[in-house]
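Heads up, target13.cif below (mmCIF, C-alpha atoms):
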data_target
#
loop_
_atom_site.label_atom_id
_atom_site.label_comp_id
_atom_site.auth_asym_id
_atom_site.auth_seq_id
_atom_site.Cartn_x
_atom_site.Cartn_y
_atom_site.Cartn_z
CA MET A 995 14.22 27.06 -2.37
CA GLY A 996 11.69 27.50 0.38
CA THR A 997 8.92 29.87 -0.64
CA LEU A 998 5.19 29.24 -0.84
CA GLU A 999 5.48 29.01 -4.62
CA ASP A 1000 8.16 26.34 -4.21
CA LEU A 1001 5.85 24.38 -1.91
CA ILE A 1002 2.99 24.68 -4.39
CA GLN A 1003 5.21 23.21 -7.11
CA LEU A 1004 6.17 20.34 -4.81
CA ILE A 1005 2.73 19.64 -3.31
CA PRO A 1006 -0.22 21.04 -5.30
CA PRO A 1007 -2.88 22.66 -3.12
CA PRO A 1008 -6.56 21.76 -3.46
CA GLY A 1009 -8.57 23.53 -6.13
CA GLU A 1010 -11.14 24.54 -3.56
CA PRO A 1011 -9.46 24.85 -0.13
CA VAL A 1012 -11.58 24.01 2.92
CA ASP A 1013 -11.97 26.95 5.33
CA PRO A 1014 -9.10 28.99 3.84
CA GLY A 1015 -10.06 32.07 5.85
CA GLY A 1016 -9.50 32.53 9.51
CA ASP A 1017 -9.76 35.15 12.16
CA TRP A 1018 -6.06 35.84 12.44
CA GLN A 1019 -6.66 39.22 14.01
CA SER A 1020 -8.49 37.68 16.97
CA ALA A 1021 -5.85 34.94 17.33
CA GLU A 1022 -3.06 37.50 17.36
CA LYS A 1023 -4.91 39.59 19.91
CA GLU A 1024 -5.38 36.55 22.16
CA LEU A 1025 -1.74 35.55 21.84
CA GLY A 1026 -0.28 39.03 22.02
CA LEU A 1027 1.83 38.20 18.96
CA VAL A 1028 1.92 39.03 15.27
CA LEU A 1029 2.07 35.69 13.46
CA PRO A 1030 4.31 35.11 10.42
CA PRO A 1031 2.66 36.44 7.24
CA GLU A 1032 3.94 33.44 5.26
CA PHE A 1033 2.00 31.07 7.49
CA LYS A 1034 -1.22 33.02 7.01
CA ALA A 1035 -0.61 32.92 3.25
CA LEU A 1036 0.02 29.16 3.49
CA ALA A 1037 -3.29 28.65 5.32
CA ALA A 1038 -5.14 30.76 2.76
CA ARG A 1039 -3.72 28.80 -0.19
CA TYR A 1040 -4.12 25.26 1.18
CA GLY A 1041 -6.95 25.67 3.68
CA ALA A 1042 -7.54 23.29 6.56
CA GLY A 1043 -5.92 19.89 6.17
CA ASN A 1044 -2.82 17.71 6.40
CA PHE A 1045 0.51 17.42 4.68
CA ASP A 1046 0.89 13.65 5.02
CA ASP A 1047 0.33 13.10 8.79
CA LEU A 1048 1.16 16.72 9.61
CA SER A 1049 -1.94 18.72 10.46
CA LEU A 1050 -1.87 22.52 10.13
CA LEU A 1051 -3.48 24.47 12.97
CA SER A 1052 -6.17 27.06 12.30
CA PRO A 1053 -6.14 30.45 14.07
CA GLY A 1054 -8.47 29.19 16.80
CA GLU A 1055 -6.49 25.96 17.19
CA LEU A 1056 -3.28 27.94 17.58
CA VAL A 1057 -4.76 29.74 20.57
CA VAL A 1058 -6.16 26.57 22.16
CA SER A 1059 -2.90 24.71 21.56
CA ALA A 1060 -0.85 27.47 23.16
CA ARG A 1061 -2.98 27.40 26.30
CA ASP A 1062 -3.00 23.60 26.46
CA LEU A 1063 0.76 23.36 25.99
CA LEU A 1064 1.38 25.87 28.75
CA GLY A 1065 -0.96 23.98 31.05
CA THR A 1066 0.21 20.42 30.36
CA ALA A 1067 3.94 20.86 29.70
CA GLY A 1068 4.23 23.62 32.25
CA ALA A 1069 2.74 21.38 34.92
CA PHE A 1070 5.52 18.77 34.79
CA ARG A 1071 8.41 21.01 33.72
CA ASP A 1072 9.68 21.48 37.27
CA ASP A 1073 9.89 17.74 37.87
CA CYS A 1074 11.07 16.74 34.39
CA PRO A 1075 12.93 19.70 32.86
CA GLU A 1076 14.62 17.47 30.30
CA MET A 1077 11.21 16.81 28.72
CA VAL A 1078 10.51 20.54 28.28
CA PRO A 1079 13.76 22.04 26.97
CA PHE A 1080 12.14 25.28 25.79
CA ALA A 1081 10.33 28.26 27.19
CA LEU A 1082 6.57 28.12 26.58
CA TRP A 1083 4.40 30.90 25.23
CA PRO A 1084 3.77 33.54 26.67
CA GLU A 1085 7.23 33.33 28.22
CA PRO A 1086 9.91 35.27 26.29
CA SER A 1087 11.00 33.34 23.19
CA GLY A 1088 8.51 30.59 24.11
CA VAL A 1089 7.53 27.89 21.64
CA LEU A 1090 4.18 28.13 19.86
CA GLU A 1091 2.74 25.13 18.01
CA TRP A 1092 1.74 25.57 14.35
CA ALA A 1093 1.23 21.92 13.35
CA ARG A 1094 1.13 18.46 14.90
CA THR A 1095 1.23 14.81 13.89
CA GLY A 1096 -0.88 11.85 14.90
CA ASN A 1097 2.14 10.50 16.81
CA GLY A 1098 2.14 13.41 19.25
CA ASP A 1099 4.91 15.42 17.58
CA SER A 1100 4.56 19.20 17.79
CA LEU A 1101 5.96 21.53 15.16
CA CYS A 1102 6.50 24.88 16.86
CA TRP A 1103 7.88 28.31 16.23
CA LEU A 1104 10.65 29.49 18.48
CA THR A 1105 9.30 33.01 18.92
CA GLU A 1106 12.63 34.85 18.98
CA GLY A 1107 12.98 38.12 17.09
CA GLU A 1108 10.61 39.23 14.35
CA PRO A 1109 7.89 36.83 13.15
CA GLU A 1110 9.57 36.59 9.74
CA ASP A 1111 12.66 35.23 11.49
CA TRP A 1112 11.02 32.60 13.70
CA THR A 1113 12.55 29.16 13.32
CA THR A 1114 11.07 25.69 13.78
CA VAL A 1115 11.28 23.27 16.67
CA VAL A 1116 10.04 19.67 16.31
CA TRP A 1117 9.28 18.35 19.76
CA ASN A 1118 7.82 15.27 21.36
CA PRO A 1119 8.21 15.10 25.17
CA ARG A 1120 8.51 11.29 24.94
CA ALA A 1121 11.17 11.27 22.23
CA GLY A 1122 13.16 14.51 22.30
CA SER A 1123 13.39 17.52 20.05
CA GLY A 1124 15.24 19.14 17.18
CA ARG A 1125 15.78 22.75 16.09
CA TYR A 1126 15.82 23.82 12.45
CA PRO A 1127 16.73 27.32 11.20
CA LEU A 1128 13.68 27.51 8.95
CA GLY A 1129 10.24 29.08 9.06
CA ALA A 1130 7.13 26.96 8.59
CA VAL A 1131 6.96 27.15 4.78
CA ALA A 1132 10.70 26.63 4.26
CA PHE A 1133 10.61 23.72 6.71
CA LEU A 1134 7.79 22.02 4.78
CA CYS A 1135 9.63 22.56 1.49
CA ALA A 1136 12.90 21.16 2.80
CA TYR A 1137 11.37 18.20 4.64
CA PHE A 1138 8.93 17.04 1.99
CA GLY A 1139 11.48 17.80 -0.71
CA GLY A 1140 13.84 15.28 0.92
CA ARG A 1141 16.51 17.88 1.76
CA LEU A 1142 16.01 17.91 5.53
CA ASP A 1143 16.49 14.96 7.88
CA VAL A 1144 13.97 15.27 10.73
CA GLN A 1145 14.63 12.35 13.02
CA LEU A 1146 11.39 12.60 14.98
CA LEU A 1147 9.24 12.63 11.85
CA GLY A 1148 11.12 9.94 9.95
CA PRO A 1149 11.50 10.02 6.16
CA PRO A 1150 8.86 11.86 4.13
CA PRO A 1151 6.59 9.93 1.76
CA PRO A 1152 8.05 9.39 -1.73
CA GLU A 1153 5.17 11.35 -3.25
CA PRO A 1154 4.08 14.00 -0.72
CA TRP A 1155 0.46 15.16 -0.74
CA PHE A 1156 -2.00 17.46 0.95
CA ASP A 1157 -5.45 16.31 2.06
CA SER A 1158 -8.13 18.85 2.81
CA ARG A 1159 -9.81 18.44 6.15
CA ARG A 1160 -13.29 17.08 5.69
CA ALA A 1161 -15.74 14.78 7.38
CA ARG A 1162 -14.83 11.16 6.72
CA SER A 1163 -16.17 7.82 7.89
CA HIS A 1164 -13.46 5.44 9.03
CA VAL A 1165 -14.00 1.69 8.67
CA TYR A 1166 -11.68 -1.20 9.52
CA VAL A 1167 -12.22 -4.45 7.59
CA LYS A 1168 -10.60 -7.38 9.44
CA LEU A 1169 -9.57 -10.21 7.10
CA SER A 1170 -8.40 -13.80 7.15
CA ALA A 1171 -4.93 -14.31 5.68
CA GLY A 1172 -5.95 -15.88 2.38
CA GLU A 1173 -3.70 -18.05 0.22
CA LEU A 1174 -2.25 -15.43 -2.13
CA PRO A 1175 1.02 -13.63 -1.26
CA TYR A 1176 0.64 -10.29 0.50
CA GLU A 1177 1.99 -8.31 -2.45
CA GLN A 1178 -0.49 -9.98 -4.81
CA ARG A 1179 -3.38 -9.20 -2.47
CA LEU A 1180 -2.24 -5.56 -2.31
CA GLY A 1181 -2.10 -5.44 -6.10
CA ILE A 1182 -5.65 -6.78 -6.41
CA LEU A 1183 -6.91 -4.22 -3.89
CA ARG A 1184 -5.25 -1.35 -5.73
CA ASP A 1185 -6.41 -2.59 -9.13
CA THR A 1186 -9.98 -2.71 -7.82
CA LEU A 1187 -9.71 0.92 -6.70
CA SER A 1188 -7.68 2.15 -9.68
CA PRO A 1189 -6.45 4.79 -10.27
CA THR A 1190 -4.56 5.04 -6.99
CA ALA A 1191 -1.73 7.22 -5.70
CA ASP A 1192 0.94 6.23 -3.18
CA ARG A 1193 0.79 7.82 0.27
CA GLY A 1194 3.80 6.11 1.81
CA PHE A 1195 4.56 2.68 3.25
CA HIS A 1196 6.22 0.84 6.11
CA ASP A 1197 7.62 -2.59 5.33
CA GLU A 1198 9.79 -4.60 7.73
CA GLY A 1199 8.75 -7.93 6.31
CA GLU A 1200 6.03 -10.41 7.10
CA GLY A 1201 3.80 -9.31 9.93
CA ASN A 1202 4.91 -5.68 9.94
CA ARG A 1203 3.74 -3.98 6.76
CA GLN A 1204 1.58 -0.98 5.98
CA TYR A 1205 0.83 0.45 2.56
CA HIS A 1206 -1.05 3.75 2.35
CA PHE A 1207 -2.67 4.98 -0.83
CA LYS A 1208 -5.49 7.10 -2.16
CA ALA A 1209 -8.25 6.10 -4.55
CA GLY A 1210 -8.02 9.19 -6.73
CA ASP A 1211 -11.42 9.15 -8.44
CA ARG A 1212 -13.25 8.60 -5.16
CA ASP A 1213 -11.26 10.64 -2.62
CA TRP A 1214 -10.90 7.61 -0.36
CA LEU A 1215 -7.84 7.06 1.82
CA LEU A 1216 -6.77 3.46 2.38
CA THR A 1217 -4.24 1.46 4.36
CA TYR A 1218 -3.59 -2.23 3.77
CA GLU A 1219 -1.63 -3.76 6.63
CA ASP A 1220 -0.74 -6.72 8.76
CA CYS A 1221 0.94 -4.69 11.56
CA TYR A 1222 -2.16 -4.65 13.76
CA GLY A 1223 -3.91 -7.67 12.37
CA HIS A 1224 -4.62 -8.29 8.71
CA GLN A 1225 -6.98 -5.54 7.61
CA ILE A 1226 -8.01 -2.84 5.19
CA ARG A 1227 -8.59 0.59 6.66
CA VAL A 1228 -10.62 3.00 4.58
CA ALA A 1229 -11.69 6.60 5.17
CA PHE A 1230 -14.31 8.07 2.86
CA PRO A 1231 -16.92 10.84 2.70
CA PRO A 1232 -20.03 9.67 4.57
CA GLU A 1233 -22.17 9.91 1.45
CA ASP A 1234 -20.00 7.21 -0.18
CA ASP A 1235 -20.86 4.59 2.43
CA GLY A 1236 -22.83 2.30 0.11
CA GLU A 1237 -20.23 2.39 -2.65
CA ALA A 1238 -17.37 1.91 -0.18
CA ARG A 1239 -19.09 -1.15 1.28
CA ALA A 1240 -19.61 -2.77 -2.12
CA VAL A 1241 -16.16 -1.97 -3.52
CA VAL A 1242 -14.04 -2.83 -0.47
CA LEU A 1243 -15.89 -6.04 0.38
CA GLY A 1244 -15.74 -7.01 -3.29
CA ALA A 1245 -12.00 -6.39 -3.30
CA ALA A 1246 -11.56 -8.56 -0.20
CA GLU A 1247 -13.35 -11.41 -1.97
CA ALA A 1248 -11.15 -11.00 -5.06
CA MET A 1249 -8.09 -11.09 -2.77
CA GLY A 1250 -9.21 -14.52 -1.55
CA CYS A 1251 -9.77 -13.30 1.99
CA GLN A 1252 -12.69 -13.90 4.29
CA VAL A 1253 -14.14 -10.85 6.01
CA LEU A 1254 -14.02 -11.59 9.74
CA ARG A 1255 -15.61 -8.39 10.97
CA VAL A 1256 -16.05 -4.74 10.03
CA MET A 1257 -15.82 -1.96 12.60
CA THR A 1258 -15.91 1.80 12.76
CA ILE A 1259 -12.98 3.70 14.25
CA GLU A 1260 -14.96 3.81 17.51
CA GLY A 1261 -15.05 -0.01 17.55
CA LYS A 1262 -18.72 -0.34 16.62
CA PRO A 1263 -19.93 -2.93 14.08
CA ALA A 1264 -20.35 -1.58 10.53
CA TRP A 1265 -21.64 -2.70 7.14
CA LEU A 1266 -23.94 -5.30 8.65
CA GLY A 1267 -26.51 -7.19 6.62
#

Step by step, read the file and then write its structure as C-alpha cells.
Amino acid sequence: MGTLEDLIQLIPPPGEPVDPGGDWQSAEKELGLVLPPEFKALAARYGAGNFDDLSLLSPGELVVSARDLLGTAGAFRDDCPEMVPFALWPEPSGVLEWARTGNGDSLCWLTEGEPEDWTTVVWNPRAGSGRYPLGAVAFLCAYFGGRLDVQLLGPPPPEPWFDSRRARSHVYVKLSAGELPYEQRLGILRDTLSPTADRGFHDEGEGNRQYHFKAGDRDWLLTYEDCYGHQIRVAFPPEDDGEARAVVLGAAEAMGCQVLRVMTIEGKPAWLG
C-alpha cells in the first residue's frame, strides 16, 4: 500500500491545489536527470504545500536545493565526513532533496538506478541519517500511515493533513498564566474557534506543552503552548487580520489570561490600538 491513490485516501488533497504545474522539463535539463514520474504526479495532485511539517519542493526549488547542498555539505565533507555519509548530486548515485522540514531534516532520493527505483534518505547533518527502501510517495504513505518508524522525524501526527502553500500572516500573542488549568484554557480556545481539527501535539507536562490545531472554517493554523513562554501562535490569510485580532484576543479574555504583548513573526508589534 504505497501508491498515490493510497496517499489520497489517507490525506485528502486540496480541492484547488496551489501551483500544481511546474516546469519539470527545465528542472530535469538543469539537473541532467529524469525525475520520478510518481513525484511529478504527486506535485500535480497536491500542489505546493506541506504534509505536516514536511514541505514538498517545486521543480525550481529542487534545482536550487541541489546546488546549495553541493555547496554547503560539500564544503565541510573533507573535514567532517561522518556528517555527509552520501555522495551529493551530480556525483554518481548522489542524494537529491525532494522535501525538507522546519527542523533542518532533508528527505532525499538516493539516485541509484532508474528513477522509478530511487529510494529515500532522511538526513540531518546534526543528527544523523536513515535509509528507507521506498520512493517518495510510498515513503509518505508508510510514514503518515504509522507503518514506518523514522527516528529523525519522530512520530507522525495522529490525523495527518496537507496544507497548501499560501501567504499567511503569523502573529504571536504572549499571555499571562491565568488561573484556569492549562487544559481548560486550551478547551476554551478551541471552542471559540470551533470547529477545529488536530494537527499534533507535544506534551511533557507543565512548562513543556504544545498543541497544534486548525480552525477549519477559517483556514487558520494555531499553536497553544507554554514551551517558549505562554502564548497563542496563529497563522492566517492576511485578509483575515481584523477577524483574527477580534477572535483570538476575545478567546484570550475568555481563558482568563491577560495579553502581555502581540508580535509578528519578525518580532514587530502587532494588533495595536

- Query: For A:Pro1006, which residue out of A:Met1077, A:Leu1036, A:Val1144, A:Leu1029 is the nearest one, using only C-alpha atoms?
  - Reply: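 Looking at the shortest contact to A:Pro1006, the residue is A:Leu1036.
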
- Item | Matched chain/residue IDs from the PyMOL selection byres ((chain A and resi 1205-1207) around 7), as a list in words | Thr1190, Ala1191, Asp1192, Arg1193, Gly1194, Phe1195, His1196, Arg1203, Gln1204, Lys1208, Ala1209, Leu1215, Leu1216, Thr1217, Tyr1218 and Glu1219 of chain A

- Query: Of the candidates A:Cys1135, A:Leu1187, A:Ala1035, A:Val1241, which one gets nearest to A:Pro1014 if we count all atoms listed in the file?
  - Reply: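 The shortest atom-to-atom distance to A:Pro1014 comes from A:Ala1035.
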
- Message: Can you pull out the residues contacting stretch 1262-1265 of chain A? Cut-off 9 Å, using all atoms listed in the file, and skip same-chain residues under 2 positions away; I want them as a PyMOL selection string.
- Response: chain A and resi 1165-1166+1235-1236+1239+1255-1260+1267

- Point (-6.4, 36.7, 15.2), cut-off 12 Å, counting only C-alpha atoms, residues as an NGL selection string: :A and (1015-1030 or 1034 or 1052-1057)

Selected residues written out with C-alpha atoms, as a PDB file, in the frame of the given file:
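Done, and the output landed in selection-v1.pdb:
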ATOM      1  CA  GLY A1015     -10.060  32.070   5.850  1.00  0.00           C
ATOM      2  CA  GLY A1016      -9.500  32.530   9.510  1.00  0.00           C
ATOM      3  CA  ASP A1017      -9.760  35.150  12.160  1.00  0.00           C
ATOM      4  CA  TRP A1018      -6.060  35.840  12.440  1.00  0.00           C
ATOM      5  CA  GLN A1019      -6.660  39.220  14.010  1.00  0.00           C
ATOM      6  CA  SER A1020      -8.490  37.680  16.970  1.00  0.00           C
ATOM      7  CA  ALA A1021      -5.850  34.940  17.330  1.00  0.00           C
ATOM      8  CA  GLU A1022      -3.060  37.500  17.360  1.00  0.00           C
ATOM      9  CA  LYS A1023      -4.910  39.590  19.910  1.00  0.00           C
ATOM     10  CA  GLU A1024      -5.380  36.550  22.160  1.00  0.00           C
ATOM     11  CA  LEU A1025      -1.740  35.550  21.840  1.00  0.00           C
ATOM     12  CA  GLY A1026      -0.280  39.030  22.020  1.00  0.00           C
ATOM     13  CA  LEU A1027       1.830  38.200  18.960  1.00  0.00           C
ATOM     14  CA  VAL A1028       1.920  39.030  15.270  1.00  0.00           C
ATOM     15  CA  LEU A1029       2.070  35.690  13.460  1.00  0.00           C
ATOM     16  CA  PRO A1030       4.310  35.110  10.420  1.00  0.00           C
ATOM     17  CA  LYS A1034      -1.220  33.020   7.010  1.00  0.00           C
ATOM     18  CA  SER A1052      -6.170  27.060  12.300  1.00  0.00           C
ATOM     19  CA  PRO A1053      -6.140  30.450  14.070  1.00  0.00           C
ATOM     20  CA  GLY A1054      -8.470  29.190  16.800  1.00  0.00           C
ATOM     21  CA  GLU A1055      -6.490  25.960  17.190  1.00  0.00           C
ATOM     22  CA  LEU A1056      -3.280  27.940  17.580  1.00  0.00           C
ATOM     23  CA  VAL A1057      -4.760  29.740  20.570  1.00  0.00           C
TER      24      VAL A1057
END

- For A:Tyr1176, list every protein, DNA or RNA residue within 12 Å, evaluated using only C-alpha atoms, and leave out those in the same chain fewer than 2 positions away; present the list as a VMD selection string. chain A and resid 1170 to 1174 1178 to 1183 1197 1199 to 1205 1218 to 1220 1224 to 1225 1249 to 1251

List as a tab-separated table (two decimals) with C-alpha atoms, in the frame of the given file: which residues have an atom within 7 Å of (-6.4, 22.6, -2.2), counting only C-alpha atoms?
chain	number	residue	atom	x	y	z
A	1007	PRO	CA	-2.88	22.66	-3.12
A	1008	PRO	CA	-6.56	21.76	-3.46
A	1009	GLY	CA	-8.57	23.53	-6.13
A	1010	GLU	CA	-11.14	24.54	-3.56
A	1011	PRO	CA	-9.46	24.85	-0.13
A	1040	TYR	CA	-4.12	25.26	1.18
A	1041	GLY	CA	-6.95	25.67	3.68
A	1158	SER	CA	-8.13	18.85	2.81

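Distances from A:Gly1140, A:Pro1154, A:Gly1129, A:Pro1175 to A:Gly996 were compared using all atoms listed in the file, and the smallest one belongs to A:Gly1129.
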
Write out as a short mmCIF file (atom, residue, chain, number, x, y, z; two decimals) with C-alpha atoms, in the frame of the given file each polymer residue whose atoms come within 12 Å of A:Leu1050, counting only C-alpha atoms; drop sequence neighbours fewer than 5 positions from it.
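Final file, part.cif:
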data_model
loop_
_atom_site.label_atom_id
_atom_site.label_comp_id
_atom_site.auth_asym_id
_atom_site.auth_seq_id
_atom_site.Cartn_x
_atom_site.Cartn_y
_atom_site.Cartn_z
CA PRO A 1014 -9.10 28.99 3.84
CA PHE A 1033 2.00 31.07 7.49
CA LYS A 1034 -1.22 33.02 7.01
CA LEU A 1036 0.02 29.16 3.49
CA ALA A 1037 -3.29 28.65 5.32
CA ALA A 1038 -5.14 30.76 2.76
CA TYR A 1040 -4.12 25.26 1.18
CA GLY A 1041 -6.95 25.67 3.68
CA ALA A 1042 -7.54 23.29 6.56
CA GLY A 1043 -5.92 19.89 6.17
CA ASN A 1044 -2.82 17.71 6.40
CA PHE A 1045 0.51 17.42 4.68
CA GLU A 1055 -6.49 25.96 17.19
CA LEU A 1056 -3.28 27.94 17.58
CA SER A 1059 -2.90 24.71 21.56
CA GLU A 1091 2.74 25.13 18.01
CA TRP A 1092 1.74 25.57 14.35
CA ALA A 1093 1.23 21.92 13.35
CA ARG A 1094 1.13 18.46 14.90
CA THR A 1095 1.23 14.81 13.89
CA GLY A 1096 -0.88 11.85 14.90
CA SER A 1100 4.56 19.20 17.79
CA LEU A 1101 5.96 21.53 15.16
CA CYS A 1102 6.50 24.88 16.86
CA ALA A 1130 7.13 26.96 8.59
CA VAL A 1131 6.96 27.15 4.78
CA LEU A 1134 7.79 22.02 4.78
CA PHE A 1156 -2.00 17.46 0.95
CA ASP A 1157 -5.45 16.31 2.06
CA SER A 1158 -8.13 18.85 2.81
CA ARG A 1159 -9.81 18.44 6.15
#

- Task: Could you expand the PyMOL selection byres ((chain A and resi 1112-1117) around 9) into the explicit residues it covers here, written as a PyMOL selection string?
- Result: chain A and resi 1030+1078+1089+1091+1098-1111+1118-1130+1133+1144+1146-1147

- Query: Any idea what the distance is between atom CA of A:Gly1244 and atom CA of A:Ala1161?
  - Reply: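 Here the two named atoms are 24.3 Å from each other.
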
- Item | Residues near A:Leu1063, cut-off 9 Å, all atoms listed in the file, skip fewer than 3 positions along chain, as a ChimeraX atom specification | /A:1058-1060,1066-1068,1082-1083,1090-1091

- Task: Could you check how far atom CA of A:Pro1031 sits from atom CA of A:Asp1013, in Å to one decimal?
- Result: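 Separation between atom CA of A:Pro1031 and atom CA of A:Asp1013: 17.5 Å.
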
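Across the structure, atom CA of A:Pro1231 and atom CA of A:Val1012 are spaced 14.2 Å apart.
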
- Written as a PyMOL selection string, what is the full residue list that the PyMOL selection byres ((chain A and resi 1230) around 8) yields on the file shown? chain A and resi 1162-1164+1213-1215+1228-1229+1231-1232+1234-1235+1238

Take the residues just selected and output them with C-alpha atoms as a tab-separated table (two decimals), in the coordinates of the input.
chain	number	residue	atom	x	y	z
A	1162	ARG	CA	-14.83	11.16	6.72
A	1163	SER	CA	-16.17	7.82	7.89
A	1164	HIS	CA	-13.46	5.44	9.03
A	1213	ASP	CA	-11.26	10.64	-2.62
A	1214	TRP	CA	-10.90	7.61	-0.36
A	1215	LEU	CA	-7.84	7.06	1.82
A	1228	VAL	CA	-10.62	3.00	4.58
A	1229	ALA	CA	-11.69	6.60	5.17
A	1231	PRO	CA	-16.92	10.84	2.70
A	1232	PRO	CA	-20.03	9.67	4.57
A	1234	ASP	CA	-20.00	7.21	-0.18
A	1235	ASP	CA	-20.86	4.59	2.43
A	1238	ALA	CA	-17.37	1.91	-0.18
